[in-house]
Amino acid sequence: MDPVLTPTGEDALLVEFAPEICLEVNRQVRRLAFALEQAAVEGVAEVVPAYRSLMVYFDPARLELPRLEEIVRSHAARAESIVLPPSRLFRIPTVYGGPYGPDLEWVAEAAGMPPAEVARIFAAGRYPVYCLGFLCSLAYLGDVPAPLRLPRRATPRTRVPAGSVGVAGGQAVILPVDQPSGFHYLGRTFVAVYDPRYSPPTPIRPGDWIECPAVEETEARRAEGVYLGELPGASLPGA
């Protein structure tokens, strides 16, 4: 698919692939982002992929916009041949309900099923990482099961603890730090999904997959504070 290029200010170029959010569109985004990063184009400062688009930040004193557009289109034209790094699967043990899942019962009522069934459905899922968000490498996960696709809270909470696992719309998140949020929180993990002492501060990257299996609190506490990058993961074929 041919991307639409839109200059944004004097030093950024927005590259949009399609209006919908899906794995294939996101794969095109990640392929182009990977190609530009590997090419190490002089004058390109940063490439930031999102769900269906990416932003290319550049230095106009070193790289003129028409030349950048030419480079982007050239890489996009051969995107199908670009081989991405293997996807990884991260299994993040999660305690559902009670004080750790303050919205589990509300979600269950809205979905018309028992709370235990909501936890079971979500915990059984495997969720793709579409992109890393605005705050501390916050991973935005997609493809949440249809019964759990509910609108965000009308009034966001001013503080939700790090490790909280929430859903809204078709998205899911695992909060890297304490923060405000309008998502509905089903549970919490005690694994450190973000730690600024490491580089990178999270091992999660777009194209990876996340599972949040249900565990009892005593088991979850055994992993308290353990950096996610130190936990065993699994490589997945394809990307």
# chains A, B, ... in the order shown; residues from 1 in each chain; ligands from 1

call {"tool": "select_by_dssp", "arguments": {"residues": "range 63-219 of chain A", "states": "strand (DSSP E)", "output": "PyMOL selection string"}}
result
chain A and resi 87-91+95-96+127-132+139-141+157-160+164-168+171-174+179-181+184-188+209-211

call {"tool": "select_by_dssp", "arguments": {"residues": "range 44-195 of chain A", "states": "alpha helix (DSSP H)", "output": "PyMOL selection string"}}
result
chain A and resi 65-77+104-111+115-123

call {"tool": "closest_residue", "arguments": {"among": "A:Ala154, A:Ala45, A:Ala35, A:Ala116", "to": "Gly97 in chain A", "atoms": "only C-alpha atoms"}}
result
A:Ala116

call {"tool": "residues_around", "arguments": {"residues": "range 11-24 of chain A", "least_positions_apart": "4", "cutoff": "10 Å", "atoms": "only C-alpha atoms", "output": "JSON, numbers by chain"}}
result
{"A": [1, 2, 3, 4, 5, 6, 7, 28, 29, 30, 32, 44, 45, 46, 47, 48, 49, 50, 51, 52, 53, 54, 55, 56, 57, 58, 59, 60, 61, 63, 64, 65, 68, 69, 72, 73, 76, 128, 129, 130, 142, 143, 207, 239]}

call {"tool": "residues_around", "arguments": {"residues": "range 184-197 of chain A", "least_positions_apart": "5", "cutoff": "9 Å", "atoms": "only C-alpha atoms", "output": "VMD selection string"}}
result
chain A and resid 92 to 107 118 to 119 122 136 to 138 150 to 153 160 to 168 174 to 177 202 to 204 212 214 220 to 229

call {"tool": "write_last_selection", "arguments": {"atoms": "N, CA and C atoms", "output": "short mmCIF file (atom, residue, chain, number, x, y, z; two decimals), in the first residue's frame"}}
result
data_model
loop_
_atom_site.label_atom_id
_atom_site.label_comp_id
_atom_site.auth_asym_id
_atom_site.auth_seq_id
_atom_site.Cartn_x
_atom_site.Cartn_y
_atom_site.Cartn_z
N ILE A 92 3.30 -12.52 31.40
CA ILE A 92 3.36 -11.63 32.56
C ILE A 92 2.30 -12.07 33.57
N PRO A 93 2.70 -12.73 34.66
CA PRO A 93 1.72 -13.25 35.63
C PRO A 93 0.93 -12.12 36.27
N THR A 94 -0.39 -12.31 36.35
CA THR A 94 -1.28 -11.24 36.76
C THR A 94 -2.30 -11.74 37.79
N VAL A 95 -2.54 -10.92 38.80
CA VAL A 95 -3.59 -11.19 39.79
C VAL A 95 -4.83 -10.42 39.36
N TYR A 96 -5.95 -11.10 39.23
CA TYR A 96 -7.17 -10.46 38.76
C TYR A 96 -8.15 -10.24 39.91
N GLY A 97 -8.86 -9.10 39.83
CA GLY A 97 -9.92 -8.81 40.78
C GLY A 97 -9.43 -8.32 42.13
N GLY A 98 -10.38 -8.15 43.06
CA GLY A 98 -10.06 -7.66 44.40
C GLY A 98 -9.45 -6.27 44.33
N PRO A 99 -8.54 -5.96 45.23
CA PRO A 99 -7.92 -4.63 45.22
C PRO A 99 -7.04 -4.39 44.01
N TYR A 100 -6.65 -5.47 43.30
CA TYR A 100 -5.77 -5.32 42.15
C TYR A 100 -6.53 -5.14 40.84
N GLY A 101 -7.81 -5.44 40.84
CA GLY A 101 -8.64 -5.27 39.65
C GLY A 101 -9.92 -4.54 40.00
N PRO A 102 -9.83 -3.23 40.29
CA PRO A 102 -10.99 -2.50 40.79
C PRO A 102 -12.16 -2.39 39.82
N ASP A 103 -11.92 -2.65 38.53
CA ASP A 103 -12.99 -2.53 37.55
C ASP A 103 -13.50 -3.88 37.06
N LEU A 104 -12.99 -4.96 37.61
CA LEU A 104 -13.37 -6.28 37.10
C LEU A 104 -14.88 -6.51 37.20
N GLU A 105 -15.46 -6.19 38.33
CA GLU A 105 -16.90 -6.42 38.49
C GLU A 105 -17.71 -5.51 37.57
N TRP A 106 -17.28 -4.26 37.40
CA TRP A 106 -18.00 -3.34 36.50
C TRP A 106 -17.96 -3.86 35.08
N VAL A 107 -16.78 -4.30 34.64
CA VAL A 107 -16.63 -4.83 33.29
C VAL A 107 -17.51 -6.07 33.12
N VAL A 118 -14.77 -13.03 32.91
CA VAL A 118 -14.02 -11.91 32.32
C VAL A 118 -12.52 -12.13 32.50
N ALA A 119 -12.11 -12.48 33.73
CA ALA A 119 -10.70 -12.72 33.99
C ALA A 119 -10.18 -13.89 33.16
N PHE A 122 -9.82 -12.80 29.39
CA PHE A 122 -8.67 -11.92 29.14
C PHE A 122 -7.37 -12.66 29.36
N CYS A 136 7.02 6.53 29.31
CA CYS A 136 7.84 5.45 29.86
C CYS A 136 7.66 4.12 29.12
N SER A 137 7.72 4.18 27.81
CA SER A 137 7.63 2.96 27.00
C SER A 137 6.34 2.19 27.22
N LEU A 138 5.24 2.88 27.42
CA LEU A 138 3.94 2.25 27.62
C LEU A 138 3.56 1.47 26.36
N LEU A 150 -15.04 -2.15 25.73
CA LEU A 150 -15.94 -1.17 26.34
C LEU A 150 -15.34 0.23 26.26
N PRO A 151 -16.17 1.27 26.21
CA PRO A 151 -15.64 2.63 26.17
C PRO A 151 -14.82 2.94 27.43
N ARG A 152 -13.97 3.93 27.32
CA ARG A 152 -13.20 4.36 28.48
C ARG A 152 -14.10 4.90 29.58
N ARG A 153 -13.55 4.98 30.76
CA ARG A 153 -14.29 5.56 31.88
C ARG A 153 -14.67 7.01 31.58
N VAL A 160 -3.27 5.47 38.96
CA VAL A 160 -3.42 4.01 38.88
C VAL A 160 -2.02 3.42 39.07
N PRO A 161 -1.86 2.39 39.93
CA PRO A 161 -0.52 1.87 40.23
C PRO A 161 0.16 1.22 39.04
N ALA A 162 1.48 1.30 39.02
CA ALA A 162 2.27 0.60 38.03
C ALA A 162 1.95 -0.89 38.06
N GLY A 163 1.95 -1.51 36.89
CA GLY A 163 1.66 -2.94 36.81
C GLY A 163 0.20 -3.25 36.59
N SER A 164 -0.67 -2.24 36.69
CA SER A 164 -2.10 -2.47 36.50
C SER A 164 -2.38 -2.84 35.05
N VAL A 165 -3.27 -3.81 34.87
CA VAL A 165 -3.61 -4.35 33.55
C VAL A 165 -5.03 -3.93 33.22
N GLY A 166 -5.18 -3.12 32.16
CA GLY A 166 -6.50 -2.57 31.87
C GLY A 166 -6.89 -2.69 30.41
N VAL A 167 -8.20 -2.47 30.17
CA VAL A 167 -8.73 -2.53 28.81
C VAL A 167 -9.61 -1.31 28.56
N ALA A 168 -9.71 -0.93 27.28
CA ALA A 168 -10.64 0.11 26.84
C ALA A 168 -10.71 0.02 25.33
N ILE A 174 -0.49 -2.37 30.13
CA ILE A 174 0.10 -2.72 31.42
C ILE A 174 0.91 -1.50 31.83
N LEU A 175 0.47 -0.80 32.85
CA LEU A 175 1.09 0.49 33.16
C LEU A 175 2.53 0.32 33.63
N PRO A 176 3.47 1.05 33.05
CA PRO A 176 4.87 0.96 33.46
C PRO A 176 5.16 1.72 34.75
N VAL A 177 4.38 2.77 35.03
CA VAL A 177 4.55 3.60 36.22
C VAL A 177 3.17 4.01 36.71
N THR A 202 12.59 -0.98 28.84
CA THR A 202 11.66 -2.11 28.70
C THR A 202 12.12 -2.96 27.53
N PRO A 203 12.04 -4.29 27.65
CA PRO A 203 12.43 -5.13 26.52
C PRO A 203 11.34 -5.23 25.47
N ILE A 204 10.13 -4.80 25.80
CA ILE A 204 9.00 -4.91 24.89
C ILE A 204 9.19 -3.97 23.70
N CYS A 212 -1.10 -12.53 29.76
CA CYS A 212 -1.23 -12.18 31.17
C CYS A 212 -1.94 -13.31 31.91
N ALA A 214 -3.44 -15.83 34.62
CA ALA A 214 -3.94 -15.58 35.97
C ALA A 214 -3.17 -16.43 36.98
N ALA A 220 2.34 -14.38 42.27
CA ALA A 220 2.68 -13.12 41.61
C ALA A 220 3.74 -12.36 42.39
N ARG A 221 3.67 -12.41 43.70
CA ARG A 221 4.62 -11.68 44.54
C ARG A 221 6.04 -12.21 44.41
N ARG A 222 6.19 -13.45 43.98
CA ARG A 222 7.54 -14.00 43.80
C ARG A 222 8.31 -13.26 42.72
N ALA A 223 7.57 -12.67 41.79
CA ALA A 223 8.20 -11.93 40.70
C ALA A 223 8.23 -10.43 40.96
N GLU A 224 7.89 -10.02 42.18
CA GLU A 224 7.79 -8.59 42.47
C GLU A 224 9.13 -7.90 42.25
N GLY A 225 9.12 -6.87 41.42
CA GLY A 225 10.32 -6.08 41.17
C GLY A 225 11.29 -6.69 40.17
N VAL A 226 11.01 -7.92 39.69
CA VAL A 226 11.90 -8.55 38.72
C VAL A 226 11.70 -7.88 37.37
N TYR A 227 12.79 -7.46 36.76
CA TYR A 227 12.72 -6.79 35.46
C TYR A 227 12.24 -7.77 34.40
N LEU A 228 11.31 -7.33 33.58
CA LEU A 228 10.71 -8.20 32.58
C LEU A 228 11.76 -8.80 31.65
N GLY A 229 12.82 -8.05 31.38
CA GLY A 229 13.86 -8.55 30.49
C GLY A 229 14.63 -9.73 31.05
#

call {"tool": "atom_distance", "arguments": {"atom1": "CA of Ile71 in chain A", "atom2": "CA of Glu10 in chain A"}}
result
17.4 Å

call {"tool": "residues_around", "arguments": {"residues": "Thr158 in chain A", "least_positions_apart": "5", "cutoff": "10 Å", "atoms": "only C-alpha atoms", "output": "number ranges by chain"}}
result
A: 178-182

call {"tool": "write_last_selection", "arguments": {"atoms": "C-alpha atoms", "output": "PDB file, in the first residue's frame"}}
result
ATOM      1  CA  ASP A 178       1.868   5.127  38.435  1.00  0.00           C
ATOM      2  CA  GLN A 179      -0.213   7.417  36.220  1.00  0.00           C
ATOM      3  CA  PRO A 180      -3.691   8.796  35.505  1.00  0.00           C
ATOM      4  CA  SER A 181      -5.846   6.597  33.276  1.00  0.00           C
ATOM      5  CA  GLY A 182      -9.352   6.160  31.920  1.00  0.00           C
TER       6      GLY A 182
END

call {"tool": "atom_distance", "arguments": {"atom1": "CA of Glu80 in chain A", "atom2": "CA of Ile210 in chain A"}}
result
24.9 Å
